[in-house]
$ cat target25.cif   # mmCIF, C-alpha atoms
data_run
loop_
_atom_site.label_atom_id
_atom_site.label_comp_id
_atom_site.auth_asym_id
_atom_site.auth_seq_id
_atom_site.Cartn_x
_atom_site.Cartn_y
_atom_site.Cartn_z
CA MET A 327 -57.65 -57.94 -16.10
CA LYS A 328 -59.08 -61.00 -14.32
CA SER A 329 -62.83 -61.49 -14.15
CA LEU A 330 -64.59 -62.10 -10.83
CA PRO A 331 -65.07 -65.74 -9.78
CA THR A 332 -68.41 -67.22 -10.72
CA HIS A 333 -69.55 -67.81 -7.13
CA PHE A 334 -68.69 -64.19 -6.18
CA ARG A 335 -70.70 -62.84 -9.13
CA LEU A 336 -73.69 -64.94 -8.05
CA VAL A 337 -73.54 -63.55 -4.51
CA LEU A 338 -73.28 -59.99 -5.84
CA PHE A 339 -76.25 -60.55 -8.16
CA CYS A 340 -78.37 -61.87 -5.28
CA LEU A 341 -77.52 -58.83 -3.14
CA LEU A 342 -78.54 -56.48 -5.95
CA CYS A 343 -81.83 -58.33 -6.35
CA ILE A 344 -82.57 -58.04 -2.61
CA ILE A 345 -81.80 -54.31 -2.61
CA SER A 346 -84.00 -53.72 -5.66
CA SER A 347 -86.80 -55.77 -4.12
CA ASN A 348 -86.69 -53.75 -0.88
CA SER A 349 -86.73 -50.46 -2.76
CA PHE A 350 -89.75 -51.54 -4.77
CA ALA A 351 -91.51 -52.75 -1.62
CA GLN A 352 -91.05 -49.32 -0.04
CA SER A 353 -92.18 -47.18 -2.99
CA GLY A 354 -94.52 -49.49 -4.86
CA PRO A 355 -97.42 -49.67 -2.37
CA ASN A 356 -97.57 -45.86 -2.00
CA LEU A 357 -97.94 -45.34 -5.73
CA GLY A 358 -100.35 -48.24 -5.90
CA GLN A 359 -102.46 -46.82 -3.08
CA THR A 360 -102.71 -43.44 -4.82
CA ASP A 361 -103.81 -45.14 -8.02
CA ARG A 362 -106.41 -47.24 -6.20
CA TRP A 363 -107.84 -44.21 -4.42
CA MET A 364 -108.06 -42.25 -7.66
CA LYS A 365 -109.79 -45.10 -9.47
CA GLY A 366 -112.22 -45.48 -6.58
CA ALA A 367 -113.00 -41.78 -6.54
CA MET A 368 -113.50 -41.63 -10.30
CA ALA A 369 -115.83 -44.64 -10.18
CA ALA A 370 -117.84 -42.90 -7.46
CA LEU A 371 -118.07 -39.74 -9.58
CA GLU A 372 -119.33 -41.72 -12.56
CA ARG A 373 -122.20 -43.14 -10.51
CA LYS A 374 -122.80 -39.69 -8.92
CA ASP A 375 -121.91 -40.94 -5.45
CA TYR A 376 -120.33 -37.64 -4.40
CA GLN A 377 -120.16 -38.40 -0.68
CA THR A 378 -118.01 -41.46 -1.32
CA ALA A 379 -115.83 -39.56 -3.77
CA ASN A 380 -115.42 -36.79 -1.19
CA SER A 381 -114.28 -39.28 1.46
CA ILE A 382 -111.77 -40.92 -0.87
CA PHE A 383 -110.28 -37.61 -2.00
CA ARG A 384 -109.91 -36.50 1.62
CA ASN A 385 -108.19 -39.78 2.51
CA LEU A 386 -105.77 -39.17 -0.34
CA ILE A 387 -105.02 -35.64 0.87
CA ASP A 388 -104.56 -36.78 4.48
CA SER A 389 -102.20 -39.59 3.42
CA GLY A 390 -99.48 -37.12 2.49
CA LEU A 391 -98.81 -38.96 -0.78
CA PRO A 392 -98.05 -36.98 -3.95
CA LEU A 393 -101.33 -35.88 -5.56
CA PRO A 394 -102.02 -36.52 -9.25
CA ASP A 395 -102.13 -33.32 -11.31
CA GLU A 396 -105.83 -33.69 -12.17
CA MET A 397 -106.96 -34.61 -8.66
CA PRO A 398 -107.73 -30.99 -7.55
CA TYR A 399 -110.07 -30.57 -10.51
CA TYR A 400 -112.06 -33.73 -9.79
CA PHE A 401 -112.19 -32.85 -6.10
CA SER A 402 -113.51 -29.36 -6.91
CA GLU A 403 -116.21 -30.97 -9.08
CA THR A 404 -117.16 -33.22 -6.17
CA LEU A 405 -117.34 -30.30 -3.74
CA TYR A 406 -119.47 -28.33 -6.19
CA GLU A 407 -122.02 -31.13 -6.35
CA LEU A 408 -122.07 -31.26 -2.53
CA GLY A 409 -122.80 -27.53 -2.34
CA GLN A 410 -119.43 -26.66 -0.82
CA TYR A 411 -118.87 -23.86 -3.30
CA ASP A 412 -116.18 -21.90 -1.46
CA ASN A 413 -114.06 -25.01 -0.94
CA SER A 414 -114.68 -26.04 -4.55
CA ALA A 415 -113.41 -22.67 -5.76
CA ASN A 416 -110.28 -23.01 -3.65
CA PHE A 417 -109.33 -26.35 -5.18
CA LEU A 418 -110.27 -25.19 -8.66
CA ASN A 419 -108.04 -22.14 -8.36
CA LYS A 420 -105.20 -24.34 -7.14
CA TYR A 421 -105.69 -26.66 -10.13
CA LEU A 422 -105.54 -23.77 -12.60
CA GLU A 423 -102.54 -22.32 -10.78
CA LEU A 424 -100.61 -25.61 -11.01
CA THR A 425 -101.56 -26.76 -14.49
CA GLY A 426 -102.58 -23.60 -16.34
CA PHE A 427 -104.10 -24.08 -19.77
CA LYS A 428 -102.10 -27.30 -20.21
CA GLY A 429 -104.26 -29.24 -17.79
CA GLU A 430 -106.29 -32.12 -19.20
CA ASN A 431 -109.46 -30.60 -17.74
CA TYR A 432 -108.69 -26.95 -18.46
CA GLN A 433 -111.89 -26.37 -20.42
CA GLY A 434 -114.01 -28.09 -17.79
CA ALA A 435 -112.29 -26.06 -15.10
CA LYS A 436 -113.14 -22.77 -16.82
CA GLU A 437 -116.77 -23.84 -17.19
CA LEU A 438 -116.93 -24.82 -13.52
CA GLN A 439 -115.38 -21.48 -12.62
CA GLU A 440 -118.24 -19.68 -14.35
CA LYS A 441 -120.87 -21.80 -12.62
CA LEU A 442 -119.29 -21.08 -9.24
CA LYS A 443 -119.56 -17.31 -9.69
CA VAL A 444 -123.34 -17.32 -9.13
CA HIS A 445 -123.13 -19.38 -5.93
CA LEU A 446 -120.18 -17.43 -4.53
CA ALA A 447 -122.07 -14.17 -5.10
CA GLU A 448 -125.06 -15.56 -3.18
CA ILE A 449 -122.78 -16.47 -0.27
CA GLN A 450 -121.22 -13.02 -0.18
CA SER A 451 -124.59 -11.27 -0.05
CA CYS A 452 -126.24 -13.65 2.43
CA GLN A 453 -126.58 -12.61 6.08
CA LEU A 454 -127.54 -16.11 7.20
CA CYS A 455 -124.17 -17.81 6.59
CA ASP A 456 -120.46 -17.23 6.93
CA ARG A 457 -118.16 -16.45 4.00
CA ARG A 458 -117.73 -20.15 3.29
CA GLY A 459 -121.46 -20.74 2.93
CA TYR A 460 -122.12 -22.50 6.25
CA ARG A 461 -125.32 -21.43 8.00
CA TYR A 462 -125.22 -19.60 11.32
CA GLU A 463 -127.00 -20.94 14.37
CA VAL A 464 -127.75 -19.43 17.77
CA CYS A 465 -124.79 -19.55 20.16
CA PHE A 466 -125.34 -22.32 22.70
CA THR A 467 -123.50 -20.45 25.45
CA CYS A 468 -125.25 -17.07 25.49
CA GLU A 469 -128.37 -18.31 23.61
CA GLY A 470 -128.13 -15.39 21.22
CA SER A 471 -127.93 -12.65 23.85
CA LYS A 472 -124.31 -11.89 22.84
CA GLN A 473 -123.31 -11.43 26.49
CA ILE A 474 -123.00 -13.68 29.50
CA GLU A 475 -123.48 -12.97 33.21
CA GLN A 476 -120.95 -14.45 35.55
CA VAL A 477 -119.53 -14.04 39.06
CA CYS A 478 -117.60 -10.79 39.41
CA ASN A 479 -113.95 -11.75 39.71
CA TYR A 480 -112.99 -8.40 41.20
CA CYS A 481 -115.08 -8.70 44.37
CA LYS A 482 -115.66 -12.48 44.23
CA SER A 483 -119.42 -11.90 44.05
CA LYS A 484 -119.50 -9.94 47.35
CA GLY A 485 -120.45 -6.64 45.75
CA ILE A 486 -118.01 -4.76 47.99
CA VAL A 487 -114.25 -4.32 48.15
CA GLY A 488 -111.92 -3.07 50.87
CA CYS A 489 -110.96 0.59 50.78
CA SER A 490 -107.38 0.86 49.59
CA ARG A 491 -106.83 4.30 51.14
CA CYS A 492 -107.36 3.20 54.73
CA GLY A 493 -106.50 -0.46 54.29
CA ALA A 494 -110.15 -1.40 54.94
CA SER A 495 -109.89 -0.07 58.51
CA GLY A 496 -112.02 3.05 58.03
CA LEU A 497 -109.34 5.18 59.70
CA ILE A 498 -106.48 7.27 58.41
CA LYS A 499 -103.39 7.57 60.61
CA LYS A 500 -101.49 10.88 60.62
CA VAL A 501 -98.58 12.23 62.66
CA ASN A 502 -98.97 15.87 63.67
CA VAL A 503 -96.26 18.50 64.13
CA PHE A 504 -95.74 17.37 67.70
CA ASN A 505 -94.98 13.82 66.46
CA ILE A 506 -98.21 12.57 67.96
CA VAL A 507 -100.19 9.92 66.06
CA GLU A 508 -103.77 10.88 65.34
CA PHE A 509 -106.56 8.90 63.70
CA PHE A 510 -109.18 10.36 61.40
CA GLU A 511 -112.20 8.89 59.67
CA CYS A 512 -111.41 7.91 56.07
CA GLU A 513 -113.20 10.34 53.80
CA ARG A 514 -113.17 7.96 50.86
CA CYS A 515 -115.19 5.20 52.52
CA ALA A 516 -116.82 7.35 55.22
CA GLY A 517 -115.19 5.24 57.89
CA LYS A 518 -116.76 1.99 56.71
CA GLY A 519 -113.57 0.45 55.42
CA ARG A 520 -115.29 -0.83 52.30
CA LEU A 521 -116.57 0.46 48.99
CA THR A 522 -119.08 -0.65 46.41
CA CYS A 523 -117.29 -2.81 43.82
CA PRO A 524 -116.42 -0.55 40.87
CA GLU A 525 -116.63 -3.46 38.42
CA CYS A 526 -120.09 -4.85 39.14
CA GLU A 527 -121.46 -1.79 40.97
CA GLY A 528 -122.47 -3.93 43.94
CA SER A 529 -124.41 -6.61 42.05
CA GLY A 530 -121.77 -9.30 42.52
CA LYS A 531 -122.21 -10.15 38.84
CA SER A 532 -120.31 -9.06 35.79
CA VAL A 533 -121.52 -8.96 32.20
CA SER A 534 -119.11 -9.47 29.33
CA ASP A 535 -119.12 -10.45 25.66
CA CYS A 536 -119.66 -14.16 25.18
CA LYS A 537 -116.32 -15.81 24.49
CA THR A 538 -117.87 -18.63 22.46
CA CYS A 539 -119.37 -16.39 19.77
CA LEU A 540 -117.17 -13.33 20.48
CA GLY A 541 -120.24 -11.25 21.20
CA SER A 542 -122.05 -11.96 17.93
CA GLY A 543 -124.76 -14.21 19.38
CA LYS A 544 -124.22 -16.79 16.64
CA ILE A 545 -121.82 -19.53 15.65
CA THR A 546 -121.19 -21.38 12.41
CA SER A 547 -122.90 -24.74 11.99
CA ASP A 548 -121.91 -27.61 9.69
CA GLN A 549 -124.99 -27.07 7.50
CA ILE A 550 -124.71 -25.65 3.98
CA CYS A 551 -126.86 -22.53 3.76
CA ASP A 552 -129.76 -22.34 1.30
CA HIS A 553 -129.93 -18.55 1.80
CA LYS A 554 -133.57 -18.73 2.94
CA ASP A 555 -135.13 -17.81 6.26
CA HIS A 556 -136.39 -20.86 8.12
CA ILE A 557 -139.65 -20.20 9.94
CA HIS A 558 -139.95 -22.36 13.06
CA THR A 559 -143.41 -23.25 14.24
CA GLU A 560 -144.30 -24.19 17.80
CA GLY A 561 -143.10 -27.68 18.58
CA ASP A 562 -140.72 -27.74 15.62
CA THR A 563 -137.39 -29.19 16.75
CA HIS A 564 -135.64 -29.00 13.34
#
$ encode --input "target25.cif" --output "structure tokens"
Amino acid sequence: MKSLPTHFRLVLFCLLCIISSNSFAQSGPNLGQTDRWMKGAMAALERKDYQTANSIFRNLIDSGLPLPDEMPYYFSETLYELGQYDNSANFLNKYLELTGFKGENYQGAKELQEKLKVHLAEIQSCQLCDRRGYRYEVCFTCEGSKQIEQVCNYCKSKGIVGCSRCGASGLIKKVNVFNIVEFFECERCAGKGRLTCPECEGSGKSVSDCKTCLGSGKITSDQICDHKDHIHTEGDTH
């Protein structure tokens, strides 16, 4: 069997090198970016800069790149330090679900799980925050009244509607036995041809549950709850 000519083998070798180089260029930076983000986040954790670590971890999640096995644990630690206990528990549970007792930080994860129990119990019993631990604030639409007053859509704020029995004419037309048309005063509207709006009872306004807060009078803020009542003094804007 004849071997390939030298010049042909050189061309084939160059093509293989180009293909390999392109493949590395496509996959290499992604893996490198993940590694850089992880190193940056770990460095931030070591210096207790949890806000920076939080931002880096979120960038990594948003990138869609494969996540390192231990990343959920370190992210849950970060969230714990930031007071985001519900979110921390979610990532911690995911870490234990994926790695089990074989995870490098299994012992640390179990200890963090115990520490979270106290904070999660406080959230569950608190009436000042939602189930994730974010403090409620007064709804900006209804200002805490739970309901809003608006123009009655049924009567278009007129307070009256046309009588449907007489067609708003006030008269009822009937044909007697002699085939003669006779007109009678509409009993329903007393000949007026209009009725008080049944929706707003003549006020021209309708009251309904606030759609912003769904009738609760409060909405969730972006503030982590400390589970304490805040007493506002006159002139206090905080």
$ closest_residue --input "target25.cif" --among "A:Phe427, A:Ala494, A:Asn416, A:Ser534" --to "Lys472 in chain A" --atoms "all atoms listed in the file"
A:Ser534
$ atom_distance --input "target25.cif" --atom1 "CA of Glu430 in chain A" --atom2 "CA of Glu396 in chain A"
7.2 Å
$ closest_residue --input "target25.cif" --among "A:Glu469, A:Glu407, A:Asp388, A:Asp395" --to "Leu442 in chain A" --atoms "all atoms listed in the file"
A:Glu407
$ atom_distance --input "target25.cif" --atom1 "CA of Gln453 in chain A" --atom2 "CA of Ser402 in chain A"
24.9 Å
$ resolve_selection --input "target25.cif" --expression "the PyMOL selection byres ((chain A and resi 365) around 12)" --output "list in words"
Gly358, Gln359, Thr360, Asp361, Arg362, Trp363, Met364, Gly366, Ala367, Met368, Ala369, Ala370, Leu371, Glu372, Ala379, Ile382, Phe383, Leu386, Pro394, Met397 and Tyr400 of chain A
$ closest_residue --input "target25.cif" --among "A:Asn479, A:Gln473, A:Asn505, A:Thr425" --to "Val533 in chain A" --atoms "all atoms listed in the file"
A:Gln473
$ atom_distance --input "target25.cif" --atom1 "CA of Lys436 in chain A" --atom2 "CA of Gln410 in chain A"
17.6 Å
$ closest_residue --input "target25.cif" --among "A:Ser451, A:Gln476, A:Asn502, A:Ser532" --to "His553 in chain A" --atoms "all atoms listed in the file"
A:Ser451
$ closest_residue --input "target25.cif" --among "A:Gly485, A:Pro524, A:Gly519, A:Pro398" --to "Ala435 in chain A" --atoms "only C-alpha atoms"
A:Pro398
$ residues_near_point --input "target25.cif" --point "(-119.2, -1.4, 42.5)" --cutoff "12 Å" --atoms "all atoms listed in the file" --output "short mmCIF file (atom, residue, chain, number, x, y, z; two decimals) with C-alpha atoms, in the coordinates of the input"
data_model
loop_
_atom_site.label_atom_id
_atom_site.label_comp_id
_atom_site.auth_asym_id
_atom_site.auth_seq_id
_atom_site.Cartn_x
_atom_site.Cartn_y
_atom_site.Cartn_z
CA CYS A 478 -117.60 -10.79 39.41
CA ASN A 479 -113.95 -11.75 39.71
CA TYR A 480 -112.99 -8.40 41.20
CA CYS A 481 -115.08 -8.70 44.37
CA LYS A 482 -115.66 -12.48 44.23
CA SER A 483 -119.42 -11.90 44.05
CA LYS A 484 -119.50 -9.94 47.35
CA GLY A 485 -120.45 -6.64 45.75
CA ILE A 486 -118.01 -4.76 47.99
CA VAL A 487 -114.25 -4.32 48.15
CA GLY A 488 -111.92 -3.07 50.87
CA CYS A 489 -110.96 0.59 50.78
CA ARG A 520 -115.29 -0.83 52.30
CA LEU A 521 -116.57 0.46 48.99
CA THR A 522 -119.08 -0.65 46.41
CA CYS A 523 -117.29 -2.81 43.82
CA PRO A 524 -116.42 -0.55 40.87
CA GLU A 525 -116.63 -3.46 38.42
CA CYS A 526 -120.09 -4.85 39.14
CA GLU A 527 -121.46 -1.79 40.97
CA GLY A 528 -122.47 -3.93 43.94
CA SER A 529 -124.41 -6.61 42.05
CA GLY A 530 -121.77 -9.30 42.52
CA LYS A 531 -122.21 -10.15 38.84
CA SER A 532 -120.31 -9.06 35.79
#
$ residues_around --input "target25.cif" --residues "Lys500 in chain A" --least-positions-apart "6" --cutoff "7 Å" --atoms "all atoms listed in the file" --output "PDB file with C-alpha atoms, in the frame of the given file"
ATOM      1  CA  VAL A 507    -100.190   9.920  66.060  1.00  0.00           C
ATOM      2  CA  GLU A 508    -103.770  10.880  65.340  1.00  0.00           C
ATOM      3  CA  PHE A 509    -106.560   8.900  63.700  1.00  0.00           C
TER       4      PHE A 509
END
$ closest_residue --input "target25.cif" --among "A:Thr404, A:Gln549, A:Thr467, A:Gln439" --to "Leu418 in chain A" --atoms "only C-alpha atoms"
A:Gln439
$ resolve_selection --input "target25.cif" --expression "the PyMOL selection byres ((chain A and resi 510) around 10)" --output "PyMOL selection string"
chain A and resi 492+496-500+508-509+511-513+517
